[in-house]
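Next up, my_file06.tsv (TSV, C-alpha atoms):
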chain	number	residue	atom	x	y	z
Y	1	MET	CA	72.61	64.54	39.06
Y	2	TRP	CA	71.38	62.64	42.14
Y	3	ARG	CA	74.25	63.99	44.18
Y	4	ALA	CA	72.72	67.46	43.89
Y	5	ILE	CA	69.26	66.20	44.88
Y	6	ARG	CA	70.46	63.86	47.62
Y	7	PRO	CA	73.85	65.11	48.88
Y	8	ASP	CA	73.28	62.87	51.93
Y	9	SER	CA	73.74	59.83	49.65
Y	10	ASN	CA	77.48	60.58	49.81
Y	11	SER	CA	77.82	62.34	53.16
Y	12	VAL	CA	76.13	59.44	54.98
Y	13	TRP	CA	79.38	57.46	54.58
Y	14	SER	CA	81.23	59.87	56.82
Y	15	ASN	CA	79.12	58.44	59.67
Y	16	GLY	CA	81.39	55.76	61.11
Y	17	GLN	CA	78.56	53.75	62.60
Y	18	VAL	CA	76.70	53.58	59.31
Y	19	LEU	CA	79.86	52.67	57.43
Y	20	SER	CA	80.81	49.92	59.85
Y	21	ARG	CA	77.36	48.31	59.75
Y	22	LEU	CA	77.10	48.57	55.97
Y	23	ARG	CA	80.76	47.89	55.27
Y	24	ARG	CA	80.39	45.00	52.83
Y	25	TYR	CA	77.66	46.80	50.89
Y	26	TYR	CA	79.96	49.83	50.61
Y	27	ASP	CA	82.78	47.59	49.36
Y	28	ILE	CA	80.52	46.08	46.67
Y	29	LEU	CA	79.55	49.62	45.56
Y	30	ASN	CA	83.23	50.35	45.09
Y	31	ASP	CA	83.89	47.02	43.42
Y	32	ARG	CA	86.23	45.89	46.19
Y	33	LYS	CA	84.07	42.90	47.15
Y	34	PRO	CA	81.86	40.64	45.04
Y	35	ALA	CA	78.09	40.56	45.50
Y	36	LYS	CA	77.16	37.31	47.25
Y	37	MET	CA	75.50	35.86	44.12
Y	38	LEU	CA	78.89	35.87	42.34
Y	39	VAL	CA	80.29	33.67	45.09
Y	40	ALA	CA	77.21	31.42	45.13
Y	41	ASN	CA	77.73	30.91	41.40
Y	42	ARG	CA	81.12	29.29	42.16
Y	43	VAL	CA	79.75	26.74	44.63
Y	44	GLU	CA	79.28	23.33	43.08
Y	45	VAL	CA	76.32	21.08	43.84
Y	46	ASP	CA	75.40	17.55	42.78
Y	47	SER	CA	74.29	17.79	39.18
Y	48	ASP	CA	71.10	15.73	39.60
Y	49	LEU	CA	68.40	18.37	39.88
Y	50	ASN	CA	65.71	15.71	39.33
Y	51	ALA	CA	66.25	14.30	42.82
Y	52	SER	CA	63.50	14.43	45.44
Y	53	THR	CA	62.74	17.77	47.02
Y	54	ASP	CA	64.01	16.54	50.39
Y	55	LYS	CA	67.29	15.56	48.76
Y	56	LEU	CA	67.59	18.95	47.08
Y	57	TRP	CA	67.05	20.76	50.39
Y	58	ASP	CA	69.70	18.56	51.90
Y	59	GLN	CA	72.05	19.59	49.08
Y	60	HIS	CA	71.08	23.19	49.70
Y	61	ARG	CA	72.09	22.98	53.35
Y	62	LYS	CA	75.48	21.56	52.40
Y	63	ALA	CA	75.99	24.13	49.64
Y	64	SER	CA	75.16	26.93	52.07
Y	65	GLY	CA	77.91	25.69	54.40
Y	66	LYS	CA	80.41	25.61	51.53
Y	67	PHE	CA	79.29	29.04	50.37
Y	68	ARG	CA	79.86	30.62	53.77
Y	69	VAL	CA	83.36	29.21	54.07
Y	70	LEU	CA	84.23	30.38	50.55
Y	71	LEU	CA	82.77	33.85	51.17
Y	72	ARG	CA	84.90	34.27	54.29
Y	73	GLU	CA	88.04	33.19	52.43
Y	74	ILE	CA	87.32	35.61	49.59
Y	75	ASP	CA	86.56	38.48	51.98
Y	76	ARG	CA	89.82	37.84	53.85
Y	77	GLY	CA	91.71	37.96	50.58
Y	78	ASN	CA	92.81	34.33	50.80
Y	79	VAL	CA	90.97	33.28	47.65
Y	80	ASP	CA	90.53	35.19	44.40
Y	81	LEU	CA	87.05	34.78	42.95
Y	82	LYS	CA	88.31	35.30	39.42
Y	83	GLU	CA	90.56	32.29	39.66
Y	84	LEU	CA	87.71	29.93	40.53
Y	85	ASP	CA	85.98	27.91	37.83
Y	86	THR	CA	82.23	28.03	37.50
Y	87	PRO	CA	80.88	24.55	38.14
Y	88	LYS	CA	78.60	22.67	35.79
Y	89	THR	CA	75.77	22.86	38.31
Y	90	SER	CA	75.92	25.67	40.83
Y	91	TYR	CA	74.27	26.59	44.12
Y	92	LEU	CA	72.26	29.15	42.10
Y	93	ASP	CA	70.95	26.44	39.75
Y	94	LEU	CA	69.80	24.55	42.83
Y	95	LYS	CA	68.01	27.64	44.15
Y	96	VAL	CA	66.23	28.18	40.82
Y	97	GLU	CA	65.06	24.55	40.83
Y	98	LEU	CA	63.85	24.70	44.45
Y	99	ALA	CA	61.97	27.94	43.71
Y	100	ARG	CA	60.24	26.21	40.78
Y	101	ARG	CA	59.14	23.39	43.07
Y	102	ILE	CA	57.83	25.81	45.69
Y	103	LEU	CA	55.78	27.47	42.96
Y	104	ALA	CA	54.13	24.16	42.09
Y	105	SER	CA	52.39	24.10	45.50
Y	106	CYS	CA	53.01	27.69	46.28
Y	107	HIS	CA	54.47	28.55	49.65
Y	108	PHE	CA	56.60	31.55	48.85
Y	109	CYS	CA	54.50	33.54	51.30
Y	110	GLU	CA	53.31	32.50	54.71
Y	111	ARG	CA	49.70	32.23	53.56
Y	112	ARG	CA	50.92	28.98	51.98
Y	113	CYS	CA	47.94	28.71	49.63
Y	114	GLY	CA	49.45	25.62	47.95
Y	115	ILE	CA	48.15	26.49	44.46
Y	116	ASN	CA	50.06	25.13	41.47
Y	117	ARG	CA	51.00	28.45	39.90
Y	118	LEU	CA	53.26	26.64	37.41
Y	119	GLU	CA	50.14	25.24	35.74
Y	120	GLY	CA	48.76	28.71	35.19
Y	121	LYS	CA	46.52	28.74	38.27
Y	122	HIS	CA	46.41	31.89	40.37
Y	123	GLY	CA	47.43	31.93	44.01
Y	124	VAL	CA	45.98	34.12	46.76
Y	125	CYS	CA	48.35	36.76	45.38
Y	126	GLN	CA	46.28	36.59	42.15
Y	127	LEU	CA	49.39	35.68	40.19
Y	128	ASP	CA	50.31	32.66	38.10
Y	129	ALA	CA	53.97	32.00	37.25
Y	130	LYS	CA	54.41	35.16	35.20
Y	131	ALA	CA	56.09	38.29	36.53
Y	132	TYR	CA	55.72	41.84	35.33
Y	133	VAL	CA	57.77	45.01	35.44
Y	134	SER	CA	56.07	48.31	34.83
Y	135	SER	CA	59.06	50.57	35.21
Y	136	ALA	CA	62.81	50.53	35.57
Y	137	PHE	CA	64.28	53.69	36.97
Y	138	LEU	CA	66.74	55.23	39.39
Y	139	HIS	CA	64.85	55.87	42.59
Y	140	LEU	CA	66.12	58.88	44.54
Y	141	GLY	CA	63.67	58.66	47.42
Y	142	GLU	CA	65.11	55.70	49.33
Y	143	GLU	CA	67.34	55.88	52.43
Y	144	ALA	CA	70.60	57.79	51.86
Y	145	PRO	CA	72.96	54.79	51.57
Y	146	LEU	CA	70.72	53.29	48.90
Y	147	VAL	CA	70.41	56.31	46.59
Y	148	PRO	CA	70.25	55.97	43.63
Y	149	SER	CA	68.43	52.68	43.86
Y	150	GLY	CA	67.92	50.70	40.66
Y	151	THR	CA	64.31	49.71	41.06
Y	152	ASN	CA	64.16	47.57	37.99
Y	153	ALA	CA	61.39	45.46	39.34
Y	154	ARG	CA	59.03	48.04	40.60
Y	155	ALA	CA	55.88	46.60	39.18
Y	156	PHE	CA	53.23	48.53	41.02
Y	157	LEU	CA	50.62	46.01	40.08
Y	158	TRP	CA	52.49	42.94	40.95
Y	159	ARG	CA	49.94	41.56	43.30
Y	160	CYS	CA	50.77	41.53	46.92
Y	161	ASN	CA	50.50	38.84	49.53
Y	162	LEU	CA	49.58	41.33	52.23
Y	163	LEU	CA	46.46	43.43	51.83
Y	164	GLN	CA	47.69	46.98	52.03
Y	165	HIS	CA	45.42	49.61	53.39
Y	166	VAL	CA	48.38	51.78	53.88
Y	167	HIS	CA	50.06	53.50	50.99
Y	168	VAL	CA	53.31	55.26	51.60
K	1	MET	CA	44.19	44.40	34.72
K	2	ILE	CA	47.93	43.68	35.05
K	3	ASP	CA	50.03	46.65	34.12
K	4	GLY	CA	53.55	46.32	32.78
K	5	VAL	CA	55.62	44.06	30.62
K	6	GLU	CA	55.99	40.37	31.30
K	7	VAL	CA	59.59	39.53	32.16
K	8	ASP	CA	61.60	36.36	32.51
K	9	GLY	CA	64.86	36.10	34.42
K	10	GLU	CA	66.95	37.06	31.43
K	11	LYS	CA	64.92	40.18	30.69
K	12	LEU	CA	64.92	41.21	34.35
K	13	ALA	CA	68.71	40.77	34.46
K	14	SER	CA	69.19	42.91	31.37
K	15	LEU	CA	67.10	45.67	33.00
K	16	ALA	CA	69.35	45.37	36.05
K	17	ARG	CA	72.50	45.69	33.93
K	18	HIS	CA	71.03	48.76	32.27
K	19	LEU	CA	70.34	50.34	35.69
K	20	LYS	CA	73.87	49.57	36.82
K	21	ARG	CA	75.25	51.37	33.77
K	22	GLU	CA	73.01	54.32	34.66
K	23	GLY	CA	74.65	54.48	38.10
K	24	ALA	CA	72.39	52.40	40.36
K	25	ARG	CA	73.98	51.41	43.67
K	26	ASN	CA	71.79	48.36	44.04
K	27	ILE	CA	69.06	46.35	42.39
K	28	ASN	CA	65.93	46.91	44.38
K	29	TYR	CA	63.37	44.16	44.01
K	30	VAL	CA	60.10	45.71	45.07
K	31	GLY	CA	56.47	45.19	44.17
K	32	GLY	CA	53.72	45.30	45.39
K	33	ASP	CA	55.92	42.77	47.03
K	34	PRO	CA	58.65	40.70	45.38
K	35	THR	CA	57.71	37.52	47.31
K	36	PRO	CA	55.30	36.01	44.72
K	37	SER	CA	57.86	36.63	41.94
K	38	ALA	CA	60.85	35.16	43.75
K	39	HIS	CA	61.33	32.41	41.14
K	40	VAL	CA	61.90	34.97	38.37
K	41	ILE	CA	64.14	37.09	40.60
K	42	LEU	CA	66.32	34.07	41.40
K	43	GLU	CA	66.64	33.37	37.66
K	44	ALA	CA	67.65	36.99	37.12
K	45	ILE	CA	70.25	36.69	39.88
K	46	ARG	CA	71.69	33.56	38.26
K	47	ASN	CA	71.89	35.41	34.96
K	48	LEU	CA	73.60	38.42	36.59
K	49	ALA	CA	76.09	36.11	38.28
K	50	ARG	CA	76.86	34.29	35.03
K	51	THR	CA	77.60	37.62	33.37
K	52	GLU	CA	79.78	38.66	36.34
K	53	THR	CA	77.68	41.75	37.04
K	54	ASN	CA	78.81	43.00	40.43
K	55	ILE	CA	75.87	44.82	41.96
K	56	THR	CA	74.14	44.60	45.33
K	57	GLN	CA	70.95	42.57	45.47
K	58	LEU	CA	68.40	44.18	47.73
K	59	TRP	CA	65.21	42.60	49.11
K	60	ASN	CA	62.57	45.25	49.73
K	61	SER	CA	59.64	43.39	51.22
K	62	ASN	CA	56.89	43.12	53.79
K	63	PHE	CA	58.79	40.00	55.00
K	64	TYR	CA	55.62	37.93	55.21
K	65	CYS	CA	57.42	35.16	53.35
K	66	SER	CA	57.92	31.50	54.17
K	67	LYS	CA	60.98	30.10	55.86
K	68	GLU	CA	61.70	28.13	52.69
K	69	LEU	CA	61.94	31.33	50.66
K	70	MET	CA	64.14	32.93	53.33
K	71	ASN	CA	66.48	29.97	52.99
K	72	LEU	CA	66.74	30.55	49.24
K	73	LEU	CA	67.45	34.27	49.75
K	74	LEU	CA	69.91	34.33	52.67
K	75	ASP	CA	73.05	33.60	50.64
K	76	VAL	CA	72.18	35.85	47.67
K	77	MET	CA	70.76	39.04	49.18
K	78	ASP	CA	73.37	41.66	50.06
K	79	PHE	CA	70.86	44.02	51.60
K	80	TRP	CA	67.58	43.67	53.49
K	81	LEU	CA	65.00	46.42	53.42
K	82	PRO	CA	62.01	44.91	55.22
K	83	ASP	CA	58.93	46.57	56.68
K	84	PHE	CA	58.07	45.92	60.29
K	85	LYS	CA	54.64	47.37	60.61
K	86	TYR	CA	52.52	45.80	63.33
K	87	GLY	CA	53.36	45.07	66.94
K	88	THR	CA	50.38	42.79	67.49
K	89	ASP	CA	48.56	40.14	65.45
K	90	GLU	CA	45.28	41.93	66.20
K	91	CYS	CA	46.42	45.11	64.45
K	92	ALA	CA	47.80	43.09	61.51
K	93	GLU	CA	44.65	41.03	61.12
K	94	ARG	CA	42.35	44.03	61.25
K	95	LEU	CA	44.40	46.32	59.01
K	96	SER	CA	46.16	43.91	56.62
K	97	LYS	CA	43.97	40.78	56.86
K	98	VAL	CA	46.88	38.56	57.67
K	99	LYS	CA	47.34	35.93	60.39
K	100	ARG	CA	50.32	35.25	62.70
K	101	TYR	CA	51.96	38.47	61.50
K	102	PHE	CA	54.28	39.06	64.42
K	103	GLU	CA	55.57	35.50	64.64
K	104	VAL	CA	56.28	35.27	60.88
K	105	VAL	CA	57.74	38.72	60.31
K	106	SER	CA	59.88	38.72	63.46
K	107	ARG	CA	61.19	35.23	62.58
K	108	ASN	CA	62.32	36.48	59.16
K	109	HIS	CA	63.97	39.59	60.60
K	110	LYS	CA	65.80	37.42	63.10
K	111	LEU	CA	66.94	34.96	60.40
K	112	ALA	CA	68.27	37.70	58.12
K	113	HIS	CA	70.01	39.43	61.03
K	114	ASP	CA	71.58	36.38	62.68
K	115	GLU	CA	72.55	34.50	59.52
K	116	THR	CA	73.87	37.40	57.44
K	117	VAL	CA	74.05	40.78	59.20
K	118	VAL	CA	75.90	39.41	62.23
K	119	GLU	CA	78.26	37.63	59.82
K	120	GLY	CA	78.96	40.99	58.15
K	121	ASN	CA	77.81	39.87	54.73
K	122	SER	CA	74.53	41.83	54.43
K	123	GLY	CA	73.30	45.27	55.39
K	124	MET	CA	69.87	45.84	56.90
K	125	ILE	CA	67.55	48.81	57.23
K	126	ILE	CA	64.23	48.02	58.90
K	127	ARG	CA	61.40	50.35	57.93
K	128	HIS	CA	58.77	51.12	60.49
K	129	LEU	CA	55.87	53.31	59.44
K	130	VAL	CA	54.46	55.07	62.47
K	131	MET	CA	50.64	54.85	62.41
K	132	PRO	CA	48.32	57.32	64.14
K	133	GLY	CA	47.34	56.05	67.56
K	134	HIS	CA	49.47	52.91	67.20
K	135	LEU	CA	52.47	53.95	69.29
K	136	ASP	CA	51.78	51.76	72.32
K	137	CYS	CA	50.62	48.67	70.41
K	138	CYS	CA	52.95	48.84	67.39
K	139	THR	CA	55.77	51.42	67.36
K	140	LYS	CA	57.19	50.92	70.85
K	141	PRO	CA	56.97	47.10	70.97
K	142	ILE	CA	58.60	46.88	67.53
K	143	LEU	CA	61.44	49.24	68.49
K	144	ASP	CA	61.90	47.26	71.72
K	145	TRP	CA	62.01	44.04	69.70
K	146	ILE	CA	64.59	45.45	67.28
K	147	ALA	CA	66.85	46.70	70.09
K	148	GLU	CA	66.71	43.30	71.72
K	149	ASN	CA	66.83	40.96	68.71
K	150	THR	CA	68.36	42.71	65.69
K	151	PRO	CA	70.67	45.30	67.25
K	152	LEU	CA	72.90	45.64	64.16
K	153	ALA	CA	70.03	46.74	61.91
K	154	LEU	CA	69.54	50.41	61.05
K	155	VAL	CA	65.98	51.64	61.46
K	156	ASN	CA	63.99	54.05	59.36
K	157	VAL	CA	61.28	55.51	61.58
K	158	MET	CA	58.85	56.78	58.97
K	159	SER	CA	56.29	59.56	59.27
K	160	GLN	CA	54.80	59.39	55.77
K	161	TYR	CA	51.55	57.61	56.62
K	162	HIS	CA	48.45	59.17	55.16
K	163	PRO	CA	44.95	57.72	54.94
K	164	ASP	CA	44.21	56.42	51.47
K	165	HIS	CA	42.52	53.60	49.53
K	166	LEU	CA	39.87	51.91	51.75
K	167	VAL	CA	40.63	53.85	54.91
K	168	PRO	CA	38.55	57.03	54.39
K	169	LYS	CA	35.56	55.00	53.14
K	170	ASN	CA	35.32	52.40	55.87
K	171	PRO	CA	34.41	53.27	59.49
K	172	GLU	CA	36.24	50.10	60.59
K	173	TYR	CA	39.49	52.00	59.95
K	174	LYS	CA	38.38	55.18	61.69
K	175	ASP	CA	41.37	55.05	64.06
K	176	ILE	CA	43.86	55.46	61.24
K	177	ASN	CA	41.89	57.99	59.21
K	178	ARG	CA	44.29	60.83	59.97
K	179	ARG	CA	47.97	61.63	59.64
K	180	VAL	CA	50.48	61.08	62.42
K	181	THR	CA	50.96	64.17	64.60
K	182	ALA	CA	54.29	65.90	65.21
K	183	LYS	CA	53.89	64.97	68.87
K	184	GLU	CA	53.53	61.29	68.03
K	185	MET	CA	56.62	61.38	65.81
K	186	LYS	CA	58.60	63.11	68.53
K	187	GLU	CA	57.57	60.38	70.95
K	188	ALA	CA	58.65	57.69	68.46
K	189	TYR	CA	62.04	59.32	67.82
K	190	GLU	CA	62.69	59.82	71.53
K	191	TYR	CA	61.83	56.20	72.18
K	192	ALA	CA	64.26	55.08	69.44
K	193	ASP	CA	66.95	57.31	70.98
K	194	LYS	CA	66.34	55.91	74.43
K	195	LEU	CA	66.92	52.40	73.06
K	196	GLY	CA	70.12	53.51	71.33
K	197	LEU	CA	68.87	52.59	67.85
K	198	LEU	CA	70.71	53.90	64.80
K	199	TRP	CA	67.85	55.60	62.97
K	200	ARG	CA	68.75	59.22	62.33
K	201	PRO	CA	71.00	58.81	59.23
K	202	VAL	CA	68.34	56.77	57.42
K	203	SER	CA	65.07	58.36	58.56

Once you've parsed the file, please lay out its structure as structure tokens.
Amino acid sequence: MWRAIRPDSNSVWSNGQVLSRLRRYYDILNDRKPAKMLVANRVEVDSDLNASTDKLWDQHRKASGKFRVLLREIDRGNVDLKELDTPKTSYLDLKVELARRILASCHFCERRCGINRLEGKHGVCQLDAKAYVSSAFLHLGEEAPLVPSGTNARAFLWRCNLLQHVHV
Amino acid sequence: MIDGVEVDGEKLASLARHLKREGARNINYVGGDPTPSAHVILEAIRNLARTETNITQLWNSNFYCSKELMNLLLDVMDFWLPDFKYGTDECAERLSKVKRYFEVVSRNHKLAHDETVVEGNSGMIIRHLVMPGHLDCCTKPILDWIAENTPLALVNVMSQYHPDHLVPKNPEYKDINRRVTAKEMKEAYEYADKLGLLWRPVS
């Protein structure tokens, strides 16, 4: 269906420059490489997620180093992702915990309002900890290599951290 | 006032799996802006990973996020689709009421590019919306910056700007109360060509 509306979504791959710069993305599309999150899920971290925030960031730095080595090995075909166990506590668990802590004195955006959104208070973005999705659909209007784009999180009224006078 | 259904990470992940089955090439986290909902998105990503769902994670954002959030995203986002809108803090402060725009947004572009795009593990398309009368202060300095600092990014030079929302009502925004002219777009495209940017296949 989308191929008729956006034939460029396929023809764009015949452009060698585009293909070479988006090579890994193209390989994920064709299931020849794993999305990075699947690799991150195999990286083990210290199981104590109650440690101090400084300690967790320290863990995060180390896990990132391990992740990048593992990703390279997988991409070179030296390691098979499917043969790796999933650890009890993964790099992704650590990220979820650090995100929760950021939310408690919110500094996701560079306004750094510091509000405890976990307690139900609203940040400058006018949001507490809840998230909303108003539609999940295949978007055909994005750039050719991205079509169709699964915009499952397009919540038009998710508040924004940048006042937009400009609507595209 | 809030439209839509409340979602947790699990629900968001199941929507993503549904879209993959429908043929989606990527999961496009957009808003508003995804930044304030990053905690739920990271939970969704963990859920997708645990169910071995192999689909590109794409961050479609104004990139006005903290360095801490960038650090959480670098090793899980397969694709960056940021906006680079303003070439000066003055334009950003007047039109988007935001401080230190250039420093913050350029820092995040540079981080994504150097830590992931250069390593070949993420793709990147930078979106620049050309604004009427903002070629010398915004479009050209941004394209210069991209050529110099994030040369492996593709660039979408966008012409879709039209005055809306507060712009027609407020004389403060008089300068952008019109569409971009064909002449201005031509100038922007020629400038991008002169710098050797890869923009045509994605604009």

Taking all listed atoms of range 161-174 of chain K, build the axis-aligned box, pad each of the six sides by 4 Å, then write its centre and edge lengths in Å to one decimal as AutoDock Vina command-line options.
--center_x 43.0 --center_y 54.6 --center_z 55.6 --size_x 25.1 --size_y 17.1 --size_z 20.2

I'd like the neighbourhood of range 75-77 of chain Y as a ChimeraX atom specification, where a residue qualifies if any of its atoms comes within 10 Å (using all atoms listed in the file), though same-chain residues fewer than 4 positions away should be ignored. /Y:24,32-34,70-71,81 /K:121

Please, which residues are within 10 Å of (64.8, 27.4, 40.6) by the file's coordinates, counting only C-alpha atoms, and could they come as a list in words?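 So the residues meeting the distance criterion are Leu49, Leu92, Asp93, Leu94, Lys95, Val96, Glu97, Leu98, Ala99, Arg100, Arg101, Ile102 and Leu103 of chain Y; Ala38, His39, Val40, Ile41, Leu42, Glu43, Arg46 and Leu72 of chain K.
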
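For the pair CA of Trp13 in chain Y and CA of Glu73 in chain Y, the separation is 25.9 Å.
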
To one decimal place in Å, what is the distance between CA of Ser47 in chain Y and CA of Gln59 in chain Y?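 Separation of CA of Ser47 in chain Y and CA of Gln59 in chain Y: 10.3 Å.
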
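Protein, DNA and RNA residues at most 10 Å from (71.3, 62.0, 43.7), with all atoms listed in the file, are these: Met1, Trp2, Arg3, Ala4, Ile5, Arg6, Pro7, Asp8, Ser9, Asn10, Leu138, His139, Leu140, Gly141, Ala144, Val147, Pro148 and Ser149 of chain Y; Gly23 of chain K.
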
Point-to-point distance in Å for CA of Arg68 in chain Y and CA of Val117 in chain K: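 Value for the CA of Val117 in chain K-CA of Arg68 in chain Y distance: 12.9 Å.
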
So, with all atoms listed in the file as the atoms that count, which of K:Leu166, K:Val155, K:Ala92, K:Leu195 lies closest to Cys138 in chain K? K:Ala92

In terms of the shortest atom-to-atom distance over all atoms listed in the file, which of K:His165, K:Arg94, K:Lys67, K:His113 is closest to Glu110 in chain Y?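 Among the listed residues, K:Lys67 lies closest to Glu110 in chain Y.
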
With a distance cut-off of 9 Å and only C-alpha atoms, select the neighbouring residues of Asn71 in chain K, excluding the residue or stretch itself and same-chain residues fewer than 5 positions from it, and output the selection as a ChimeraX atom specification. /Y:60-61 /K:66,111

Non-local contacts of Asp128 in chain Y (9 Å; all atoms listed in the file; under 4 positions in same chain excluded) as a PyMOL selection string: (chain Y and resi 103+116-123) or (chain K and resi 36)

Residue nearest chain Y - candidates K:Tyr191, K:Trp59, K:Tyr161, K:Phe84, atoms counted: all atoms listed in the file: K:Tyr161

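Counting only C-alpha atoms and comparing K:Glu190, K:Tyr101, K:Gln160, K:Asp114, the residue that lies closest to chain Y is K:Gln160.
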